[in-house]
$ cat run.cif   # mmCIF, C-alpha atoms
data_upload
loop_
_atom_site.label_atom_id
_atom_site.label_comp_id
_atom_site.auth_asym_id
_atom_site.auth_seq_id
_atom_site.Cartn_x
_atom_site.Cartn_y
_atom_site.Cartn_z
CA MET A 1 136.65 124.32 71.26
CA PRO A 2 134.09 123.66 73.79
CA ILE A 3 131.32 126.21 73.54
CA SER A 4 129.16 126.58 76.63
CA HIS A 5 125.93 128.23 77.59
CA VAL A 6 124.80 129.00 81.14
CA SER A 7 121.15 129.64 82.02
CA MET A 8 120.27 131.04 85.43
CA ARG A 9 117.83 133.21 87.32
CA ALA A 10 118.27 136.96 86.91
CA GLY A 11 119.38 139.08 89.85
CA LYS A 12 122.92 138.05 90.61
CA PRO A 13 125.64 140.70 90.41
CA GLU A 14 128.10 140.76 87.58
CA SER A 15 130.95 139.51 89.76
CA TYR A 16 128.92 136.40 90.59
CA ARG A 17 128.26 135.68 86.93
CA GLN A 18 131.89 136.31 86.06
CA ALA A 19 132.93 133.82 88.72
CA ILE A 20 130.68 131.17 87.18
CA LEU A 21 132.29 131.60 83.78
CA ASP A 22 135.78 131.74 85.27
CA SER A 23 135.22 128.51 87.16
CA LEU A 24 133.69 126.80 84.15
CA TYR A 25 136.68 127.78 82.03
CA ALA A 26 139.09 126.52 84.67
CA ALA A 27 137.27 123.18 84.83
CA LEU A 28 137.42 122.81 81.05
CA ARG A 29 141.12 123.68 81.02
CA GLU A 30 141.97 121.25 83.81
CA THR A 31 139.97 118.23 82.74
CA LEU A 32 139.91 118.44 78.95
CA ASP A 33 143.25 120.12 78.36
CA VAL A 34 141.72 122.73 76.07
CA PRO A 35 144.10 125.47 74.89
CA ALA A 36 144.40 128.87 76.54
CA GLY A 37 141.91 131.32 75.09
CA ASP A 38 139.44 128.52 74.34
CA ARG A 39 136.82 130.42 76.26
CA PHE A 40 133.63 130.51 74.27
CA MET A 41 130.64 131.11 76.53
CA THR A 42 127.29 132.81 76.67
CA LEU A 43 124.93 133.30 79.59
CA THR A 44 121.24 134.15 79.77
CA GLU A 45 119.38 135.37 82.85
CA HIS A 46 115.75 134.45 83.34
CA ASP A 47 112.87 135.79 85.39
CA ALA A 48 111.09 133.29 87.63
CA ALA A 49 108.36 132.68 85.05
CA ASN A 50 110.95 131.72 82.45
CA PHE A 51 113.05 129.35 84.53
CA ARG A 52 111.84 126.10 86.02
CA TYR A 53 113.31 123.23 87.90
CA GLY A 54 112.18 120.36 90.10
CA ASP A 55 113.57 118.02 92.73
CA ALA A 56 113.84 114.93 90.55
CA PHE A 57 116.52 112.34 91.35
CA GLY A 58 116.51 113.24 95.02
CA ILE A 59 118.29 116.56 94.67
CA ALA A 60 117.07 119.67 96.49
CA ARG A 61 117.55 122.46 93.98
CA THR A 62 116.94 126.16 94.64
CA ASP A 63 116.76 129.40 92.68
CA ASP A 64 120.56 129.36 92.61
CA LEU A 65 120.41 126.52 90.10
CA VAL A 66 122.57 126.91 87.01
CA TYR A 67 122.00 124.94 83.83
CA ILE A 68 125.24 124.50 81.92
CA ALA A 69 125.17 123.16 78.36
CA ILE A 70 128.57 122.29 76.92
CA THR A 71 129.23 121.29 73.31
CA LEU A 72 132.35 119.18 72.82
CA PHE A 73 134.08 117.16 70.15
CA ASP A 74 132.70 113.62 70.15
CA THR A 75 136.15 112.29 70.92
CA ARG A 76 135.80 112.77 74.67
CA THR A 77 135.60 109.64 76.81
CA VAL A 78 133.26 108.80 79.66
CA ALA A 79 136.19 109.40 82.02
CA HIS A 80 136.73 112.88 80.58
CA LYS A 81 133.08 113.73 81.04
CA ALA A 82 132.94 112.39 84.60
CA ALA A 83 136.05 114.41 85.49
CA LEU A 84 134.53 117.51 83.94
CA PHE A 85 131.29 117.15 85.89
CA ARG A 86 133.18 116.67 89.14
CA ARG A 87 135.51 119.60 88.61
CA ILE A 88 132.74 121.98 87.57
CA GLY A 89 130.91 121.10 90.77
CA GLU A 90 134.02 121.64 92.89
CA LEU A 91 135.03 124.93 91.30
CA LEU A 92 131.55 126.46 91.31
CA ALA A 93 131.31 125.56 94.99
CA GLU A 94 134.48 127.58 95.60
CA ARG A 95 133.59 130.50 93.35
CA PRO A 96 130.98 131.96 93.38
CA GLY A 97 129.87 129.47 96.04
CA ILE A 98 127.11 127.46 94.40
CA SER A 99 125.99 124.32 96.15
CA PRO A 100 126.72 121.24 94.02
CA GLU A 101 123.02 120.36 94.13
CA ASN A 102 122.46 123.45 92.03
CA VAL A 103 124.77 122.57 89.17
CA PHE A 104 123.04 120.80 86.27
CA VAL A 105 125.26 120.01 83.30
CA THR A 106 124.43 118.58 79.90
CA ILE A 107 127.00 117.72 77.25
CA TYR A 108 126.40 117.77 73.52
CA ASP A 109 128.86 115.79 71.42
CA THR A 110 129.47 116.82 67.85
CA PRO A 111 131.97 115.60 65.26
CA LYS A 112 134.99 117.76 64.54
CA GLU A 113 133.71 118.53 61.07
CA ASN A 114 130.83 120.45 62.68
CA TRP A 115 133.01 123.32 63.89
CA SER A 116 134.14 126.50 62.24
CA VAL A 117 135.93 128.63 64.81
CA GLY A 118 136.44 131.50 62.37
CA ASN A 119 137.43 132.51 58.84
CA GLY A 120 134.72 130.43 57.17
CA GLU A 121 136.89 127.35 57.52
CA MET A 122 136.33 123.84 58.85
CA GLN A 123 139.43 123.77 61.02
CA PHE A 124 139.14 120.30 62.53
CA GLY A 125 137.34 118.15 59.95
CA PRO A 126 138.70 115.49 57.60
CA GLY A 127 139.60 118.24 55.11
CA LYS A 128 141.84 119.86 57.68
CA SER A 129 145.11 118.72 56.10
CA SER A 130 144.11 120.50 52.90
CA HIS A 131 144.41 123.74 54.82
CA GLY A 132 148.07 122.99 55.28
CA MET B 1 114.46 122.66 58.37
CA PRO B 2 117.56 124.04 59.70
CA ILE B 3 116.90 125.94 62.88
CA SER B 4 119.54 128.44 63.90
CA HIS B 5 120.42 130.53 66.89
CA VAL B 6 122.71 133.55 66.91
CA SER B 7 124.33 134.89 70.09
CA MET B 8 126.06 138.26 70.05
CA ARG B 9 126.88 141.29 72.14
CA ALA B 10 124.03 143.75 72.71
CA GLY B 11 124.17 147.21 71.17
CA LYS B 12 123.93 146.73 67.43
CA PRO B 13 121.01 148.37 65.62
CA GLU B 14 118.11 146.33 64.33
CA SER B 15 119.23 146.68 60.71
CA TYR B 16 122.55 145.08 61.58
CA ARG B 17 120.88 142.14 63.28
CA GLN B 18 118.45 141.76 60.39
CA ALA B 19 121.37 141.65 57.99
CA ILE B 20 122.95 138.82 59.97
CA LEU B 21 119.80 136.74 59.75
CA ASP B 22 119.30 137.60 56.07
CA SER B 23 122.83 136.54 55.22
CA LEU B 24 122.55 133.36 57.25
CA TYR B 25 119.32 132.45 55.47
CA ALA B 26 120.92 133.13 52.08
CA ALA B 27 123.88 130.90 52.94
CA LEU B 28 121.56 128.06 54.01
CA ARG B 29 119.50 128.43 50.81
CA GLU B 30 122.55 128.46 48.58
CA THR B 31 124.58 125.67 50.08
CA LEU B 32 121.98 123.27 51.47
CA ASP B 33 119.19 123.89 48.99
CA VAL B 34 116.61 124.38 51.73
CA PRO B 35 113.15 125.45 50.58
CA ALA B 36 111.94 129.04 50.50
CA GLY B 37 110.40 130.03 53.82
CA ASP B 38 112.69 127.63 55.70
CA ARG B 39 113.78 130.49 57.87
CA PHE B 40 113.72 129.45 61.49
CA MET B 41 116.00 131.60 63.59
CA THR B 42 116.35 133.19 66.98
CA LEU B 43 118.90 135.67 68.28
CA THR B 44 119.94 136.69 71.76
CA GLU B 45 121.94 139.77 72.71
CA HIS B 46 124.29 139.68 75.65
CA ASP B 47 125.94 142.24 77.89
CA ALA B 48 129.71 142.02 78.21
CA ALA B 49 129.51 140.02 81.43
CA ASN B 50 127.36 137.40 79.73
CA PHE B 51 129.41 136.90 76.58
CA ARG B 52 132.95 135.60 76.47
CA TYR B 53 135.44 134.65 73.84
CA GLY B 54 139.17 134.09 73.49
CA ASP B 55 141.84 134.03 70.81
CA ALA B 56 142.26 130.28 70.62
CA PHE B 57 143.38 128.73 67.32
CA GLY B 58 145.23 131.84 66.27
CA ILE B 59 142.16 133.93 65.51
CA ALA B 60 141.87 137.54 66.72
CA ARG B 61 138.24 137.88 67.74
CA THR B 62 136.55 141.08 68.91
CA ASP B 63 133.28 142.17 70.45
CA ASP B 64 131.72 141.83 66.99
CA LEU B 65 131.95 138.06 67.34
CA VAL B 66 128.80 136.11 66.50
CA TYR B 67 128.20 132.57 67.65
CA ILE B 68 125.92 130.74 65.24
CA ALA B 69 124.45 127.36 66.20
CA ILE B 70 122.70 125.52 63.39
CA THR B 71 120.72 122.32 63.77
CA LEU B 72 120.48 120.21 60.62
CA PHE B 73 119.34 116.80 59.49
CA ASP B 74 122.14 114.29 59.96
CA THR B 75 122.12 113.59 56.23
CA ARG B 76 124.41 116.50 55.40
CA THR B 77 127.91 115.63 54.17
CA VAL B 78 131.26 117.10 55.16
CA ALA B 79 131.27 118.94 51.82
CA HIS B 80 127.87 120.49 52.59
CA LYS B 81 129.10 121.67 55.95
CA ALA B 82 132.34 123.09 54.58
CA ALA B 83 130.39 124.96 51.89
CA LEU B 84 128.00 126.31 54.49
CA PHE B 85 130.81 127.57 56.73
CA ARG B 86 132.51 129.27 53.79
CA ARG B 87 129.35 130.90 52.48
CA ILE B 88 128.26 132.16 55.91
CA GLY B 89 131.66 133.78 56.28
CA GLU B 90 131.45 135.40 52.86
CA LEU B 91 127.91 136.70 53.20
CA LEU B 92 128.32 138.07 56.72
CA ALA B 93 131.43 139.89 55.50
CA GLU B 94 129.27 141.57 52.85
CA ARG B 95 126.28 142.28 55.08
CA PRO B 96 126.43 143.55 57.78
CA GLY B 97 130.19 143.56 57.32
CA ILE B 98 131.50 141.18 59.95
CA SER B 99 135.12 140.12 59.71
CA PRO B 100 135.38 136.36 59.07
CA GLU B 101 137.51 136.07 62.21
CA ASN B 102 134.37 136.96 64.13
CA VAL B 103 132.11 134.21 62.79
CA PHE B 104 132.02 131.09 64.97
CA VAL B 105 129.68 128.35 63.75
CA THR B 106 128.69 125.07 65.34
CA ILE B 107 126.47 122.48 63.68
CA TYR B 108 124.22 120.05 65.53
CA ASP B 109 123.14 117.00 63.54
CA THR B 110 119.86 115.33 64.43
CA PRO B 111 117.96 112.52 62.73
CA LYS B 112 114.90 113.41 60.68
CA GLU B 113 112.63 111.73 63.20
CA ASN B 114 113.61 114.44 65.72
CA TRP B 115 111.71 117.20 63.94
CA SER B 116 108.13 118.37 64.18
CA VAL B 117 107.75 121.54 62.15
CA GLY B 118 104.11 121.98 63.14
CA ASN B 119 100.75 120.28 63.66
CA GLY B 120 102.05 117.83 66.24
CA GLU B 121 103.39 115.63 63.45
CA MET B 122 106.74 113.97 62.73
CA GLN B 123 106.97 115.16 59.14
CA PHE B 124 110.27 113.64 58.11
CA GLY B 125 110.66 110.45 60.14
CA PRO B 126 110.29 106.82 59.15
CA GLY B 127 106.55 107.06 59.89
CA LYS B 128 106.23 109.82 57.32
CA SER B 129 104.54 107.65 54.71
CA SER B 130 101.74 106.93 57.18
CA HIS B 131 100.80 110.61 56.95
CA GLY B 132 100.00 110.08 53.28
CA MET C 1 115.89 114.29 82.64
CA PRO C 2 114.63 115.98 79.65
CA ILE C 3 115.80 119.57 79.62
CA SER C 4 113.82 121.91 77.42
CA HIS C 5 114.11 125.40 76.06
CA VAL C 6 111.26 127.48 74.65
CA SER C 7 111.87 130.50 72.37
CA MET C 8 109.01 132.84 71.57
CA ARG C 9 108.12 136.41 70.79
CA ALA C 10 108.05 138.80 73.74
CA GLY C 11 104.78 140.31 74.89
CA LYS C 12 102.72 137.45 76.27
CA PRO C 13 101.66 137.63 79.92
CA GLU C 14 103.26 135.48 82.55
CA SER C 15 100.20 133.24 82.84
CA TYR C 16 100.47 132.42 79.14
CA ARG C 17 104.13 131.49 79.45
CA GLN C 18 103.44 129.44 82.55
CA ALA C 19 100.75 127.55 80.66
CA ILE C 20 103.25 126.69 77.93
CA LEU C 21 105.69 125.23 80.42
CA ASP C 22 102.92 123.43 82.31
CA SER C 23 101.63 121.82 79.13
CA LEU C 24 105.10 120.86 78.00
CA TYR C 25 105.79 119.21 81.34
CA ALA C 26 102.50 117.33 81.18
CA ALA C 27 103.32 116.06 77.68
CA LEU C 28 106.73 114.84 78.82
CA ARG C 29 105.23 113.12 81.84
CA GLU C 30 102.50 111.41 79.84
CA THR C 31 104.49 110.23 76.85
CA LEU C 32 107.96 109.57 78.21
CA ASP C 33 107.06 108.55 81.75
CA VAL C 34 109.56 110.94 83.28
CA PRO C 35 109.51 111.18 87.07
CA ALA C 36 107.65 113.86 89.02
CA GLY C 37 109.81 116.93 89.51
CA ASP C 38 111.67 116.27 86.26
CA ARG C 39 110.84 119.77 85.16
CA PHE C 40 113.93 121.43 83.79
CA MET C 41 113.01 124.28 81.47
CA THR C 42 114.09 127.70 80.36
CA LEU C 43 112.34 130.22 78.14
CA THR C 44 113.58 133.25 76.23
CA GLU C 45 111.42 136.01 74.79
CA HIS C 46 112.50 137.77 71.61
CA ASP C 47 111.67 141.05 69.91
CA ALA C 48 110.52 140.85 66.30
CA ALA C 49 114.00 141.57 64.95
CA ASN C 50 115.41 138.63 66.91
CA PHE C 51 112.83 136.00 65.99
CA ARG C 52 112.18 134.72 62.50
CA TYR C 53 110.05 132.08 60.90
CA GLY C 54 108.69 131.18 57.48
CA ASP C 55 105.88 129.17 55.94
CA ALA C 56 107.99 126.22 54.77
CA PHE C 57 106.38 122.78 54.53
CA GLY C 58 102.93 124.27 53.88
CA ILE C 59 102.34 125.50 57.40
CA ALA C 60 100.95 128.99 58.07
CA ARG C 61 102.86 130.17 61.11
CA THR C 62 102.26 133.42 62.99
CA ASP C 63 103.90 135.49 65.71
CA ASP C 64 102.44 133.02 68.21
CA LEU C 65 105.01 130.46 67.06
CA VAL C 66 106.94 128.68 69.77
CA TYR C 67 110.20 126.88 69.15
CA ILE C 68 110.69 124.06 71.63
CA ALA C 69 114.07 122.33 71.90
CA ILE C 70 114.09 119.19 74.04
CA THR C 71 117.19 117.23 75.02
CA LEU C 72 116.53 113.58 75.82
CA PHE C 73 118.42 110.39 76.49
CA ASP C 74 119.22 108.68 73.21
CA THR C 75 117.23 105.65 74.32
CA ARG C 76 113.89 107.06 73.14
CA THR C 77 112.24 105.36 70.18
CA VAL C 78 110.62 106.88 67.12
CA ALA C 79 107.26 105.98 68.64
CA HIS C 80 108.12 107.88 71.83
CA LYS C 81 109.09 110.93 69.84
CA ALA C 82 105.99 110.82 67.65
CA ALA C 83 103.80 110.54 70.75
CA LEU C 84 105.61 113.43 72.38
CA PHE C 85 105.15 115.68 69.33
CA ARG C 86 101.45 114.83 69.15
CA ARG C 87 100.81 115.38 72.84
CA ILE C 88 102.70 118.69 72.98
CA GLY C 89 100.56 119.90 70.09
CA GLU C 90 97.36 118.80 71.80
CA LEU C 91 98.17 120.23 75.20
CA LEU C 92 99.45 123.58 73.95
CA ALA C 93 96.24 123.89 71.92
CA GLU C 94 94.30 123.49 75.17
CA ARG C 95 96.50 125.70 77.30
CA PRO C 96 97.40 128.45 76.54
CA GLY C 97 95.58 127.91 73.26
CA ILE C 98 98.32 127.83 70.65
CA SER C 99 97.39 126.63 67.19
CA PRO C 100 99.26 123.42 66.32
CA GLU C 101 100.69 125.16 63.24
CA ASN C 102 102.62 127.32 65.68
CA VAL C 103 104.39 124.55 67.57
CA PHE C 104 107.85 123.71 66.22
CA VAL C 105 109.72 121.05 68.16
CA THR C 106 113.26 119.76 67.79
CA ILE C 107 114.72 116.90 69.81
CA TYR C 108 118.37 116.50 70.71
CA ASP C 109 119.44 112.98 71.70
CA THR C 110 122.38 112.57 74.02
CA PRO C 111 123.84 109.50 75.70
CA LYS C 112 123.14 109.01 79.39
CA GLU C 113 126.77 109.62 80.24
CA ASN C 114 126.32 113.24 79.09
CA TRP C 115 124.15 114.21 82.05
CA SER C 116 124.99 115.48 85.50
CA VAL C 117 121.78 116.47 87.24
CA GLY C 118 123.60 117.72 90.32
CA ASN C 119 126.38 117.05 92.84
CA GLY C 120 129.11 116.88 90.23
CA GLU C 121 128.14 113.29 89.47
CA MET C 122 127.41 111.36 86.29
CA GLN C 123 124.19 109.81 87.53
CA PHE C 124 123.16 107.76 84.52
CA GLY C 125 126.38 106.76 82.76
CA PRO C 126 128.17 103.41 82.64
CA GLY C 127 129.94 104.30 85.89
CA LYS C 128 126.59 104.66 87.62
CA SER C 129 126.83 101.42 89.58
CA SER C 130 130.03 102.68 91.17
CA HIS C 131 127.95 105.35 92.86
CA GLY C 132 126.12 102.56 94.65
#

$ encode --input "run.cif" --output "structure tokens"
Amino acid sequence: MPISHVSMRAGKPESYRQAILDSLYAALRETLDVPAGDRFMTLTEHDAANFRYGDAFGIARTDDLVYIAITLFDTRTVAHKAALFRRIGELLAERPGISPENVFVTIYDTPKENWSVGNGEMQFGPGKSSHG
Amino acid sequence: MPISHVSMRAGKPESYRQAILDSLYAALRETLDVPAGDRFMTLTEHDAANFRYGDAFGIARTDDLVYIAITLFDTRTVAHKAALFRRIGELLAERPGISPENVFVTIYDTPKENWSVGNGEMQFGPGKSSHG
Amino acid sequence: MPISHVSMRAGKPESYRQAILDSLYAALRETLDVPAGDRFMTLTEHDAANFRYGDAFGIARTDDLVYIAITLFDTRTVAHKAALFRRIGELLAERPGISPENVFVTIYDTPKENWSVGNGEMQFGPGKSSHG
């Protein structure tokens, strides 16, 4: 149940954007062991005026920068998160070929009770057993 | 003070999108007892390449899927959240007629001190009494 | 490492949107002492049907409303947040000239381990020292 959002500059072809989402999904599968089909992702493209970045923390970013926001269960450990960051960087470098300097990831932790993945139900919360 | 964001595929008429926001507002009013006019919502529409989903957790989703992200005070209980999920599912099924399989909701809890609903003030935080 | 997102109605010129992001950056610099170049921001523009607001909490909002979502380290105090809200209101009133009633800010706190500002690394987490 991760749900992810990617923000990037407009102008890249569809295949490039597909490769970003494919690589992100692969990284989530490999490092967090999420189930197949757990591929919940949106992407927005921004004109230059609506997309800013800087060189803070000694990293030379360019217009190829992607911001990736990932919402996870709050049960993930520091080791899980570090592995996820590393693998996203590696896989985006392979496909579509984004320099690791241009990959900026933020994780949002939320309790399991905060998710309804369909049917108006709280699938993962403390009331879960009452759903059988 | 919930603030909500809806992400969906592009191509639905305005009346359909209005109905989504109307139903979401009604569900928030009914289950969380938010005040009238507490209707803070944005919506983005995405082309196919910028919107992904899967069938994880045994739910058959389609291109009618809506992702709804709702930020709330962290004072809401599990029962509040479960009621909200259920009512959103029911009301979106009525108007605009979205199958409950296609309603994916995530809640973000934040402390009251994290909100400024206008005027540069922290209306609900511990310093609230100092505003008279 | 704040990362911010601004949502607003479409139709304002680029200079107006630039002024919003400039003022937001200045407020972050002044009140949170973030480093130069720590300017990570996206902005989306919405048609009327995709952008809603109300007059809750006695505030008369208009189509000039901006929603600002800011993700911070969870080390910031209530005083930091109050100062940030106040300064954003003041600076947006100066440039581009947005009434403080129309500035709606929400903060998201996340632990330092939830950030990777590039290179596939967890720069600020407990494993930080292992990066030298």

$ resolve_selection --input "run.cif" --expression "the PyMOL selection byres ((chain A and resi 90-93) around 8)" --output "MDAnalysis selection string"
(chainID A and resid 19:20 23:24 26:27 86:89 94:100) or (chainID C and resid 120)

$ interface_residues --input "run.cif" --of "chain A" --to "chain B" --cutoff "6 Å" --atoms "all atoms listed in the file" --output "list in words"
Gly37, Asp38, Arg39, Phe40, Met41, Thr42, Leu43, Asn114, Trp115, Ser116, Val117, Gly118, Asn119, Gly120 and Met122 of chain A

$ calpha_fit_and_write --input "run.cif" --fixed "chain B" --moving "chain A" --output "compact mmCIF listing (two decimals) with C-alpha atoms, keeping the file's coordinate frame"
# COMPACT_ATOMS: atom_id res chain seq x y z
CA MET A 1 114.45 122.65 58.38
CA PRO A 2 117.56 124.04 59.72
CA ILE A 3 116.88 125.94 62.90
CA SER A 4 119.54 128.44 63.91
CA HIS A 5 120.42 130.53 66.91
CA VAL A 6 122.71 133.56 66.91
CA SER A 7 124.34 134.88 70.09
CA MET A 8 126.05 138.26 70.05
CA ARG A 9 126.88 141.30 72.12
CA ALA A 10 124.05 143.76 72.70
CA GLY A 11 124.18 147.22 71.16
CA LYS A 12 123.93 146.73 67.43
CA PRO A 13 121.02 148.36 65.61
CA GLU A 14 118.13 146.33 64.33
CA SER A 15 119.22 146.68 60.71
CA TYR A 16 122.57 145.08 61.59
CA ARG A 17 120.88 142.14 63.27
CA GLN A 18 118.45 141.77 60.39
CA ALA A 19 121.38 141.65 57.98
CA ILE A 20 122.95 138.81 59.97
CA LEU A 21 119.80 136.73 59.75
CA ASP A 22 119.29 137.60 56.08
CA SER A 23 122.82 136.52 55.23
CA LEU A 24 122.54 133.35 57.27
CA TYR A 25 119.32 132.44 55.48
CA ALA A 26 120.90 133.11 52.10
CA ALA A 27 123.87 130.89 52.96
CA LEU A 28 121.55 128.06 54.02
CA ARG A 29 119.50 128.43 50.85
CA GLU A 30 122.55 128.45 48.58
CA THR A 31 124.57 125.65 50.10
CA LEU A 32 121.96 123.26 51.48
CA ASP A 33 119.17 123.87 49.01
CA VAL A 34 116.61 124.36 51.76
CA PRO A 35 113.13 125.42 50.60
CA ALA A 36 111.93 129.01 50.53
CA GLY A 37 110.41 130.02 53.84
CA ASP A 38 112.69 127.62 55.73
CA ARG A 39 113.79 130.49 57.90
CA PHE A 40 113.70 129.44 61.51
CA MET A 41 116.00 131.61 63.61
CA THR A 42 116.34 133.19 67.00
CA LEU A 43 118.90 135.68 68.27
CA THR A 44 119.95 136.68 71.78
CA GLU A 45 121.94 139.78 72.70
CA HIS A 46 124.31 139.69 75.65
CA ASP A 47 125.95 142.25 77.89
CA ALA A 48 129.73 142.04 78.19
CA ALA A 49 129.52 140.04 81.43
CA ASN A 50 127.38 137.41 79.73
CA PHE A 51 129.42 136.91 76.57
CA ARG A 52 132.96 135.60 76.45
CA TYR A 53 135.44 134.65 73.83
CA GLY A 54 139.17 134.09 73.47
CA ASP A 55 141.84 134.04 70.79
CA ALA A 56 142.26 130.27 70.59
CA PHE A 57 143.37 128.72 67.29
CA GLY A 58 145.22 131.85 66.26
CA ILE A 59 142.16 133.94 65.49
CA ALA A 60 141.86 137.54 66.68
CA ARG A 61 138.24 137.87 67.72
CA THR A 62 136.55 141.09 68.88
CA ASP A 63 133.27 142.17 70.43
CA ASP A 64 131.73 141.83 66.97
CA LEU A 65 131.95 138.06 67.33
CA VAL A 66 128.80 136.12 66.49
CA TYR A 67 128.19 132.57 67.65
CA ILE A 68 125.92 130.74 65.24
CA ALA A 69 124.46 127.36 66.21
CA ILE A 70 122.71 125.52 63.40
CA THR A 71 120.70 122.31 63.79
CA LEU A 72 120.48 120.21 60.64
CA PHE A 73 119.32 116.80 59.51
CA ASP A 74 122.13 114.29 59.98
CA THR A 75 122.10 113.59 56.27
CA ARG A 76 124.41 116.49 55.43
CA THR A 77 127.89 115.63 54.19
CA VAL A 78 131.24 117.09 55.17
CA ALA A 79 131.24 118.91 51.83
CA HIS A 80 127.85 120.47 52.60
CA LYS A 81 129.07 121.66 55.97
CA ALA A 82 132.33 123.08 54.59
CA ALA A 83 130.38 124.95 51.90
CA LEU A 84 127.99 126.30 54.50
CA PHE A 85 130.80 127.57 56.72
CA ARG A 86 132.49 129.27 53.78
CA ARG A 87 129.34 130.91 52.49
CA ILE A 88 128.25 132.16 55.90
CA GLY A 89 131.65 133.79 56.30
CA GLU A 90 131.45 135.39 52.85
CA LEU A 91 127.90 136.68 53.21
CA LEU A 92 128.33 138.06 56.72
CA ALA A 93 131.42 139.88 55.49
CA GLU A 94 129.26 141.56 52.84
CA ARG A 95 126.28 142.26 55.07
CA PRO A 96 126.41 143.54 57.77
CA GLY A 97 130.19 143.57 57.33
CA ILE A 98 131.50 141.18 59.96
CA SER A 99 135.10 140.12 59.69
CA PRO A 100 135.37 136.37 59.05
CA GLU A 101 137.49 136.05 62.20
CA ASN A 102 134.36 136.95 64.11
CA VAL A 103 132.11 134.22 62.78
CA PHE A 104 132.02 131.09 64.95
CA VAL A 105 129.68 128.35 63.75
CA THR A 106 128.69 125.07 65.34
CA ILE A 107 126.47 122.48 63.70
CA TYR A 108 124.22 120.05 65.52
CA ASP A 109 123.12 117.01 63.55
CA THR A 110 119.87 115.33 64.43
CA PRO A 111 117.94 112.51 62.75
CA LYS A 112 114.88 113.41 60.72
CA GLU A 113 112.62 111.74 63.23
CA ASN A 114 113.60 114.43 65.75
CA TRP A 115 111.70 117.21 63.99
CA SER A 116 108.13 118.37 64.22
CA VAL A 117 107.75 121.54 62.19
CA GLY A 118 104.11 121.98 63.19
CA ASN A 119 100.74 120.28 63.71
CA GLY A 120 102.06 117.82 66.29
CA GLU A 121 103.38 115.63 63.50
CA MET A 122 106.72 113.98 62.78
CA GLN A 123 106.95 115.17 59.19
CA PHE A 124 110.28 113.64 58.17
CA GLY A 125 110.67 110.45 60.21
CA PRO A 126 110.28 106.82 59.17
CA GLY A 127 106.52 107.11 59.81
CA LYS A 128 106.28 109.87 57.25
CA SER A 129 104.66 107.74 54.54
CA SER A 130 101.82 106.97 56.94
CA HIS A 131 100.90 110.63 56.74
CA GLY A 132 100.22 110.14 53.07

$ residues_around --input "run.cif" --residues "Asp74 (chain C)" --least-positions-apart "4" --cutoff "8 Å" --atoms "all atoms listed in the file" --output "ChimeraX atom specification"
/C:109-112

$ atom_distance --input "run.cif" --atom1 "CA of Asp33 (chain A)" --atom2 "CA of Val6 (chain A)"
20.7 Å

$ atom_distance --input "run.cif" --atom1 "CA of Thr62 (chain A)" --atom2 "CA of Met1 (chain C)"
16.9 Å

$ atom_distance --input "run.cif" --atom1 "CA of Lys12 (chain C)" --atom2 "CA of Asp64 (chain C)"
9.2 Å

$ build_atoms --input "run.cif" --residues "region 44-51 of chain A" --atoms "N, CA, C and O atoms" --output "CSV table (one decimal), keeping the file's coordinate frame"
chain,number,residue,atom,x,y,z
A,44,THR,N,122.5,133.4,79.8
A,44,THR,CA,121.2,134.2,79.8
A,44,THR,C,120.7,134.1,81.2
A,44,THR,O,120.8,133.1,81.9
A,45,GLU,N,120.0,135.2,81.5
A,45,GLU,CA,119.4,135.4,82.8
A,45,GLU,C,117.9,135.4,82.6
A,45,GLU,O,117.4,136.0,81.7
A,46,HIS,N,117.2,134.7,83.5
A,46,HIS,CA,115.8,134.4,83.3
A,46,HIS,C,115.0,134.9,84.6
A,46,HIS,O,115.4,134.6,85.7
A,47,ASP,N,113.8,135.5,84.3
A,47,ASP,CA,112.9,135.8,85.4
A,47,ASP,C,112.3,134.5,85.9
A,47,ASP,O,112.3,133.5,85.2
A,48,ALA,N,111.6,134.5,87.0
A,48,ALA,CA,111.1,133.3,87.6
A,48,ALA,C,110.1,132.6,86.7
A,48,ALA,O,110.2,131.3,86.5
A,49,ALA,N,109.3,133.3,85.9
A,49,ALA,CA,108.4,132.7,85.0
A,49,ALA,C,109.0,131.9,83.9
A,49,ALA,O,108.4,131.1,83.3
A,50,ASN,N,110.3,132.3,83.6
A,50,ASN,CA,111.0,131.7,82.4
A,50,ASN,C,112.1,130.8,82.8
A,50,ASN,O,113.0,130.5,82.0
A,51,PHE,N,112.0,130.2,84.0
A,51,PHE,CA,113.0,129.4,84.5
A,51,PHE,C,112.4,128.4,85.5
A,51,PHE,O,112.0,128.7,86.6
